[in-house]
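Structure first, commentary second.
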Amino acid sequence: MKANVFVNAIGKKLALNLRAAWARAYVRIVGVNREPSWVIFDTLLPVVGLAAYVFYYKALGAPSAFFGMVILGGAMTAYWMNVLWAMASQFYWEKQGGNLQLFLMSPMSRMAILLGMALGGGFSTTVRALASLFLGMVIFRIPFAIASVWQLLGIFFLTLIALYGLGMLFASAYMLWGREAWHVSNLLTEPIYLLSGFYFPVRALGFWVALAASAIPTTLGLDGLRQVLLSGKAYAFLSVPVEMGILAVLCVAFLILAHYMLRYMENLGKREGRLTLRWQ
Amino acid sequence: MKLDIKRLKFELTHIYRSIKSSAWLGWQIESNWTDPLLFGIYTFAKPVASALILVVMYLVVSRVPTSSPFFAYMYVGNAFYLFVANILFGISWVIMEDREFFEMIKYIYTSPIRMFLYLFGRGLAKITITTLAVIITLAFGILFLKLPIHPARVNWGLLFMALVVGLWGIVSLGMILAAISMLVARHSGYLNEGVSGLFFLLCGAIFPIEVLPGWLQPVSRALPFTYWLEAIRRAVLPGQESLSPTLAGFPTGSLFAILLGTTLLLALASHRIFHLCESTARRKGWIDRRTDY
């Protein structure tokens, strides 16, 4: 009897949070499609920037595998930017917009809100990533070949879950920050592209630097995806099963940390009166 | 005659005060979010990381040391291209920021300042910060990567003139993007990134334009930034022959004349497009709309 009550309560809470996540995602999906100009800006223009790096490698006389690294890295930047700007910064934007207190008053988990934001932003992000991959393949004739479908799905989804877990962790800090939130997100672009080896094999940075950089999910995610899609074992840092194992640990660690940090930062913000501070 | 001079003096004073106030505001927004140490780290880390991405890509593939002409060509081009990326983004982002985050845009319109001058002033703050970033990037290259730049051999006169004209062109393009930003929703912030990426590809920033497919090269030759970067390289690396056979054929005087001419056309187009987009946004009531969701 007690077990039934407990299971019922968990079920109701889960249903509430899933509805909250869907509600937050719905607004994003509808909002984005109200002005479809993003389709051009998010599909064609990013490929142009990537093309510069491909031609740079061409000018250096690089093997064609490096062109594929650039295209794959470019596709993953879409997800990193989504984590930074659409998830981590979300509570900062909501604070600026005066909506944060409404979210905090509602009975759902903060992680459900962030999950909804991730799912809503994931639609346009995935369109951008796929467009970069497809156009890159067609224009530069990159021969992507899937070595193992299970490894591809495994490494991709583990990377995404770990990435979004990291995004939730960042969101807890951003909840309290003012304008420094925007600048920190800005700061975490090029240095992360460098450390994670978005456009080159990460092992070129040396074993210990690459190992430290593996705390960023995109490092091992990209390395694994290159091995699976580009037959890139020659440039691999670690084997795919080892990378999947580390990513699984990162998934669990980031999600647990995010849960506690969101709660801690919210309480800290309430004590210090920073949750509704705008324009600072 | 007396009246005209008085009017002119009034206009110039108004322009000076408008630009000075908005430049001061821009500097405050860019810098007062943190203490000077963290601001210094932020100013250092981003441009150096962006240069190091290209450096690592170079070292992974090339067996040639960093004292090679190609490396210098790429590094100097990438360092000065920071002006294009940062200023384009900086000026156009002012519209998003003031419209959606600070909700101040309507107060700017009700104050005695013209939006064009306000954006120009805000752009000056970005120019200041980017100049710091470029100096840091070049210093890093000279100190750690054997970049063959010797201050005594730099053609400072050419560098100064090229910078002035180039920045004029970049600010003009930034105004065009700002004008377009008045008509699009916030999620089209990728427009700025995309346009910057487009010029990064076409202007010979990190490789000679001859590497591009033949059908794209005429587009490169029509852009002022292509000649701008070539003029900068000639000023900063005077002993080095141009790696672009097309551009090497232009004497420096002709190069500068083409740069000036194309920049003038861009500036005229910028003025026209800005006023067209602004009047459209005012007519449709989009000046102070919010598009977040």
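All residue names refer to the structure tokens as shown: chains lettered A, B, ... in order, residues numbered from 1 in each chain, ligands numbered from 1 in order.
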Show me a table, sorted first by chain and then by increasing residue number, of the residues of chain A having an atom at most 9 Å from chain B, each with its shortest atom pair and the distance in Å to one decimal, counting only C-alpha atoms and written as JSON lines.
```
{"residue": "A:Val27", "atom": "CA", "partner": "B:Tyr293", "partner_atom": "CA", "distance": 6.3}
{"residue": "A:Arg28", "atom": "CA", "partner": "B:Tyr293", "partner_atom": "CA", "distance": 6.1}
{"residue": "A:Val30", "atom": "CA", "partner": "B:Tyr293", "partner_atom": "CA", "distance": 9.0}
{"residue": "A:Gly31", "atom": "CA", "partner": "B:Tyr293", "partner_atom": "CA", "distance": 6.1}
{"residue": "A:Val32", "atom": "CA", "partner": "B:His187", "partner_atom": "CA", "distance": 7.3}
{"residue": "A:Glu35", "atom": "CA", "partner": "B:Ala185", "partner_atom": "CA", "distance": 7.1}
{"residue": "A:Ser37", "atom": "CA", "partner": "B:Ser188", "partner_atom": "CA", "distance": 7.2}
{"residue": "A:Trp38", "atom": "CA", "partner": "B:Ser188", "partner_atom": "CA", "distance": 5.6}
{"residue": "A:Ile40", "atom": "CA", "partner": "B:Leu191", "partner_atom": "CA", "distance": 8.9}
{"residue": "A:Phe41", "atom": "CA", "partner": "B:Leu191", "partner_atom": "CA", "distance": 5.5}
{"residue": "A:Asp42", "atom": "CA", "partner": "B:Tyr190", "partner_atom": "CA", "distance": 6.5}
{"residue": "A:Leu44", "atom": "CA", "partner": "B:Gly194", "partner_atom": "CA", "distance": 8.2}
{"residue": "A:Leu45", "atom": "CA", "partner": "B:Gly194", "partner_atom": "CA", "distance": 4.5}
{"residue": "A:Pro46", "atom": "CA", "partner": "B:Gly194", "partner_atom": "CA", "distance": 5.6}
{"residue": "A:Val47", "atom": "CA", "partner": "B:Gly194", "partner_atom": "CA", "distance": 8.5}
{"residue": "A:Val48", "atom": "CA", "partner": "B:Leu198", "partner_atom": "CA", "distance": 5.5}
{"residue": "A:Gly49", "atom": "CA", "partner": "B:Gly197", "partner_atom": "CA", "distance": 4.1}
{"residue": "A:Leu50", "atom": "CA", "partner": "B:Gly197", "partner_atom": "CA", "distance": 7.8}
{"residue": "A:Ala51", "atom": "CA", "partner": "B:Leu201", "partner_atom": "CA", "distance": 6.7}
{"residue": "A:Ala52", "atom": "CA", "partner": "B:Leu201", "partner_atom": "CA", "distance": 4.4}
{"residue": "A:Tyr53", "atom": "CA", "partner": "B:Leu201", "partner_atom": "CA", "distance": 8.1}
{"residue": "A:Phe55", "atom": "CA", "partner": "B:Val211", "partner_atom": "CA", "distance": 6.8}
{"residue": "A:Tyr56", "atom": "CA", "partner": "B:Phe207", "partner_atom": "CA", "distance": 6.0}
{"residue": "A:Tyr57", "atom": "CA", "partner": "B:Met57", "partner_atom": "CA", "distance": 7.7}
{"residue": "A:Lys58", "atom": "CA", "partner": "B:Val211", "partner_atom": "CA", "distance": 7.7}
{"residue": "A:Ala59", "atom": "CA", "partner": "B:Val211", "partner_atom": "CA", "distance": 6.4}
{"residue": "A:Leu60", "atom": "CA", "partner": "B:Ser62", "partner_atom": "CA", "distance": 6.4}
{"residue": "A:Gly61", "atom": "CA", "partner": "B:Val61", "partner_atom": "CA", "distance": 7.6}
{"residue": "A:Ala62", "atom": "CA", "partner": "B:Val61", "partner_atom": "CA", "distance": 5.7}
{"residue": "A:Pro63", "atom": "CA", "partner": "B:Val61", "partner_atom": "CA", "distance": 8.3}
{"residue": "A:Phe66", "atom": "CA", "partner": "B:Val61", "partner_atom": "CA", "distance": 9.0}
{"residue": "A:Trp93", "atom": "CA", "partner": "B:Phe101", "partner_atom": "CA", "distance": 8.0}
{"residue": "A:Gln96", "atom": "CA", "partner": "B:Phe101", "partner_atom": "CA", "distance": 6.2}
{"residue": "A:Gly97", "atom": "CA", "partner": "B:Phe101", "partner_atom": "CA", "distance": 6.9}
{"residue": "A:Gly178", "atom": "CA", "partner": "B:Trp33", "partner_atom": "CA", "distance": 7.9}
{"residue": "A:Arg179", "atom": "CA", "partner": "B:Trp33", "partner_atom": "CA", "distance": 6.0}
{"residue": "A:Glu180", "atom": "CA", "partner": "B:Trp33", "partner_atom": "CA", "distance": 5.8}
{"residue": "A:His183", "atom": "CA", "partner": "B:Tyr42", "partner_atom": "CA", "distance": 8.4}
{"residue": "A:Val184", "atom": "CA", "partner": "B:Tyr42", "partner_atom": "CA", "distance": 8.5}
{"residue": "A:Asn186", "atom": "CA", "partner": "B:Lys46", "partner_atom": "CA", "distance": 8.5}
{"residue": "A:Leu187", "atom": "CA", "partner": "B:Lys46", "partner_atom": "CA", "distance": 6.1}
{"residue": "A:Leu188", "atom": "CA", "partner": "B:Lys46", "partner_atom": "CA", "distance": 8.3}
{"residue": "A:Thr189", "atom": "CA", "partner": "B:Lys46", "partner_atom": "CA", "distance": 8.0}
{"residue": "A:Glu190", "atom": "CA", "partner": "B:Ser50", "partner_atom": "CA", "distance": 5.4}
{"residue": "A:Pro191", "atom": "CA", "partner": "B:Ala49", "partner_atom": "CA", "distance": 5.1}
{"residue": "A:Ile192", "atom": "CA", "partner": "B:Ala49", "partner_atom": "CA", "distance": 8.6}
{"residue": "A:Tyr193", "atom": "CA", "partner": "B:Ile53", "partner_atom": "CA", "distance": 7.5}
{"residue": "A:Leu194", "atom": "CA", "partner": "B:Ile53", "partner_atom": "CA", "distance": 5.3}
{"residue": "A:Leu195", "atom": "CA", "partner": "B:Ile53", "partner_atom": "CA", "distance": 8.8}
{"residue": "A:Gly197", "atom": "CA", "partner": "B:Ile53", "partner_atom": "CA", "distance": 8.3}
{"residue": "A:Phe198", "atom": "CA", "partner": "B:Ile53", "partner_atom": "CA", "distance": 8.9}
{"residue": "A:Tyr199", "atom": "CA", "partner": "B:Met57", "partner_atom": "CA", "distance": 7.3}
{"residue": "A:Phe200", "atom": "CA", "partner": "B:Met57", "partner_atom": "CA", "distance": 6.0}
{"residue": "A:Pro201", "atom": "CA", "partner": "B:Val60", "partner_atom": "CA", "distance": 8.3}
{"residue": "A:Ala204", "atom": "CA", "partner": "B:Val60", "partner_atom": "CA", "distance": 6.6}
{"residue": "A:Leu205", "atom": "CA", "partner": "B:Val56", "partner_atom": "CA", "distance": 8.0}
{"residue": "A:Arg278", "atom": "CA", "partner": "B:Phe102", "partner_atom": "CA", "distance": 8.8}
{"residue": "A:Trp279", "atom": "CA", "partner": "B:Phe102", "partner_atom": "CA", "distance": 6.6}
{"residue": "A:Gln280", "atom": "CA", "partner": "B:Trp33", "partner_atom": "CA", "distance": 7.6}
```
So that I can see what lies close to Lys233 in chain A, please list as a CSV table (one decimal) with N, CA and C atoms, in the first residue's frame the residues with an atom at most 12 Å from it, counting only C-alpha atoms and leaving out residues fewer than 5 positions away in the same chain.
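Saved the output as part01.csv:
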```
chain,number,residue,atom,x,y,z
A,65,ALA,N,41.0,13.7,-45.0
A,65,ALA,CA,40.4,13.4,-43.7
A,65,ALA,C,40.2,14.7,-42.9
A,147,ALA,N,31.2,3.2,-39.5
A,147,ALA,CA,31.9,2.0,-39.2
A,147,ALA,C,31.0,1.1,-38.4
A,201,PRO,N,42.8,17.0,-34.7
A,201,PRO,CA,42.8,15.9,-33.7
A,201,PRO,C,43.2,16.4,-32.4
A,203,ARG,N,44.5,15.0,-30.0
A,203,ARG,CA,45.8,14.4,-29.5
A,203,ARG,C,47.0,15.3,-29.9
A,223,ASP,N,36.1,13.1,-31.0
A,223,ASP,CA,37.1,12.1,-31.3
A,223,ASP,C,36.5,10.8,-31.7
A,224,GLY,N,35.5,10.4,-30.9
A,224,GLY,CA,34.8,9.1,-31.2
A,224,GLY,C,34.0,9.2,-32.5
A,225,LEU,N,33.3,10.3,-32.8
A,225,LEU,CA,32.6,10.4,-34.1
A,225,LEU,C,33.5,10.4,-35.3
A,226,ARG,N,34.7,10.9,-35.1
A,226,ARG,CA,35.7,10.9,-36.2
A,226,ARG,C,36.1,9.5,-36.5
A,227,GLN,N,36.3,8.7,-35.5
A,227,GLN,CA,36.7,7.3,-35.7
A,227,GLN,C,35.6,6.5,-36.3
A,228,VAL,N,34.3,6.8,-36.0
A,228,VAL,CA,33.2,6.0,-36.5
A,228,VAL,C,32.8,6.5,-37.9
A,238,LEU,N,41.6,8.2,-27.8
A,238,LEU,CA,41.4,7.0,-27.1
A,238,LEU,C,40.5,6.1,-28.0
A,239,SER,N,40.3,4.9,-27.6
A,239,SER,CA,39.4,4.0,-28.4
A,239,SER,C,37.9,4.4,-28.1
A,240,VAL,N,37.0,4.0,-29.1
A,240,VAL,CA,35.6,4.4,-28.9
A,240,VAL,C,35.0,3.8,-27.7
```
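Put simply, CA of His271 in chain B is 28.0 Å away from CA of Asn78 in chain B.
Taking only C-alpha atoms, the non-local environment of range 274-285 of chain B within 8 Å (same-chain residues fewer than 3 positions away omitted) comprises Met175, Ile176, Ala178, Ala179, Ile180, Met182, Leu183, Ser270, His271, Asp288 and Arg289 of chain B.
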If you count only C-alpha atoms, which residues fall within 10 Å of Asp98 in chain B, apart from same-chain ones fewer than 6 positions away, as a count of residues only? 6
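Minimum atom-to-atom distance to Ser109 in chain A, evaluated using only C-alpha atoms, belongs to A:Leu14 out of A:Leu84, A:Cys251, A:Leu14, A:Val149.
Of the listed residues B:Trp27, B:Trp286, B:Phe80, B:Phe144, the one whose atoms come nearest to Leu159 in chain B is B:Phe80, with distances taken using only C-alpha atoms.
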Alpha helix (DSSP H) call set, DSSP backbone run, range 116-286 of chain B, as a VMD selection string: chain B and resid 116 to 144 156 to 181 190 to 202 217 to 222 224 to 236 245 to 248 252 to 284
Take the residues just selected and output them with C-alpha atoms as a compact mmCIF listing (two decimals), in the first residue's frame.
```
# COMPACT_ATOMS: atom_id res chain seq x y z
CA PHE B 116 23.27 56.45 -36.73
CA LEU B 117 25.66 58.47 -34.56
CA TYR B 118 24.71 56.46 -31.47
CA LEU B 119 25.62 53.20 -33.20
CA PHE B 120 28.82 54.73 -34.52
CA GLY B 121 29.81 55.74 -30.99
CA ARG B 122 29.02 52.30 -29.62
CA GLY B 123 31.15 50.88 -32.43
CA LEU B 124 34.09 53.04 -31.32
CA ALA B 125 34.13 51.25 -27.96
CA LYS B 126 34.32 47.94 -29.78
CA ILE B 127 37.15 49.27 -31.96
CA THR B 128 39.12 50.19 -28.82
CA ILE B 129 38.74 46.74 -27.27
CA THR B 130 39.50 44.98 -30.54
CA THR B 131 42.64 47.07 -31.03
CA LEU B 132 43.84 45.74 -27.67
CA ALA B 133 43.00 42.20 -28.79
CA VAL B 134 44.90 42.61 -32.08
CA ILE B 135 47.97 44.00 -30.30
CA ILE B 136 47.89 41.10 -27.82
CA THR B 137 47.53 38.54 -30.61
CA LEU B 138 50.43 40.01 -32.60
CA ALA B 139 52.60 40.29 -29.48
CA PHE B 140 51.88 36.65 -28.68
CA GLY B 141 52.89 35.67 -32.21
CA ILE B 142 56.13 37.70 -32.07
CA LEU B 143 57.13 36.44 -28.61
CA PHE B 144 56.21 32.76 -28.87
CA TRP B 156 53.47 52.91 -39.90
CA GLY B 157 52.12 55.48 -42.32
CA LEU B 158 50.58 52.84 -44.60
CA LEU B 159 49.35 50.89 -41.59
CA PHE B 160 47.62 53.93 -40.13
CA MET B 161 45.96 54.93 -43.41
CA ALA B 162 44.89 51.36 -44.18
CA LEU B 163 43.44 51.00 -40.69
CA VAL B 164 41.47 54.25 -40.92
CA VAL B 165 39.96 53.38 -44.30
CA GLY B 166 39.44 49.73 -43.39
CA LEU B 167 37.69 50.57 -40.14
CA TRP B 168 35.48 53.02 -41.99
CA GLY B 169 34.43 50.16 -44.29
CA ILE B 170 33.90 47.74 -41.43
CA VAL B 171 31.78 50.23 -39.48
CA SER B 172 29.72 50.88 -42.64
CA LEU B 173 29.05 47.18 -43.02
CA GLY B 174 28.22 46.98 -39.31
CA MET B 175 25.62 49.70 -39.83
CA ILE B 176 24.03 47.65 -42.60
CA LEU B 177 23.79 44.63 -40.30
CA ALA B 178 22.40 46.82 -37.51
CA ALA B 179 19.76 48.11 -39.92
CA ILE B 180 18.79 44.55 -40.88
CA SER B 181 18.68 43.65 -37.17
CA TYR B 190 23.48 34.09 -36.38
CA LEU B 191 23.26 36.57 -39.25
CA ASN B 192 26.22 38.47 -37.80
CA GLU B 193 28.27 35.31 -37.33
CA GLY B 194 27.40 34.15 -40.81
CA VAL B 195 28.30 37.40 -42.56
CA SER B 196 31.59 37.50 -40.67
CA GLY B 197 32.25 33.90 -41.76
CA LEU B 198 31.44 34.82 -45.36
CA PHE B 199 34.08 37.57 -45.43
CA PHE B 200 36.52 35.29 -43.59
CA LEU B 201 36.19 32.89 -46.50
CA LEU B 202 36.29 35.41 -49.33
CA GLN B 217 37.61 34.81 -56.98
CA PRO B 218 35.84 37.73 -58.78
CA VAL B 219 33.68 38.07 -55.66
CA SER B 220 36.84 38.26 -53.52
CA ARG B 221 38.29 40.91 -55.82
CA ALA B 222 35.14 43.05 -55.45
CA PRO B 224 37.19 46.11 -49.95
CA PHE B 225 38.46 43.88 -47.14
CA THR B 226 40.52 41.81 -49.58
CA TYR B 227 42.57 44.90 -50.46
CA TRP B 228 42.53 46.06 -46.87
CA LEU B 229 44.17 42.89 -45.56
CA GLU B 230 46.72 42.98 -48.38
CA ALA B 231 47.59 46.61 -47.52
CA ILE B 232 47.91 45.68 -43.83
CA ARG B 233 50.27 42.82 -44.67
CA ARG B 234 52.40 45.08 -46.85
CA ALA B 235 52.64 47.54 -43.97
CA VAL B 236 53.37 45.00 -41.23
CA PRO B 245 49.76 36.55 -57.36
CA THR B 246 46.60 38.53 -58.20
CA LEU B 247 47.12 41.12 -55.48
CA ALA B 248 50.92 41.16 -55.84
CA THR B 252 50.62 49.86 -53.17
CA GLY B 253 49.19 53.14 -54.44
CA SER B 254 46.70 51.37 -56.73
CA LEU B 255 45.81 48.95 -53.97
CA PHE B 256 45.02 51.82 -51.63
CA ALA B 257 43.01 53.63 -54.30
CA ILE B 258 40.88 50.49 -54.90
CA LEU B 259 40.43 50.12 -51.15
CA LEU B 260 39.34 53.75 -50.83
CA GLY B 261 36.96 53.53 -53.79
CA THR B 262 35.25 50.31 -52.70
CA THR B 263 34.99 51.57 -49.12
CA LEU B 264 33.38 54.80 -50.30
CA LEU B 265 30.77 52.82 -52.25
CA LEU B 266 30.14 50.66 -49.18
CA ALA B 267 29.76 53.73 -46.96
CA LEU B 268 27.24 55.32 -49.34
CA ALA B 269 25.26 52.07 -49.57
CA SER B 270 25.38 51.74 -45.79
CA HIS B 271 23.87 55.19 -45.26
CA ARG B 272 21.07 54.50 -47.73
CA ILE B 273 20.27 51.01 -46.45
CA PHE B 274 20.33 52.14 -42.83
CA HIS B 275 17.76 54.85 -43.38
CA LEU B 276 15.59 52.58 -45.50
CA CYS B 277 15.53 49.82 -42.88
CA GLU B 278 15.06 52.26 -40.02
CA SER B 279 12.09 53.94 -41.66
CA THR B 280 10.57 50.51 -42.42
CA ALA B 281 10.99 49.45 -38.79
CA ARG B 282 9.39 52.69 -37.57
CA ARG B 283 6.48 52.34 -39.98
CA LYS B 284 5.80 48.77 -38.89
```
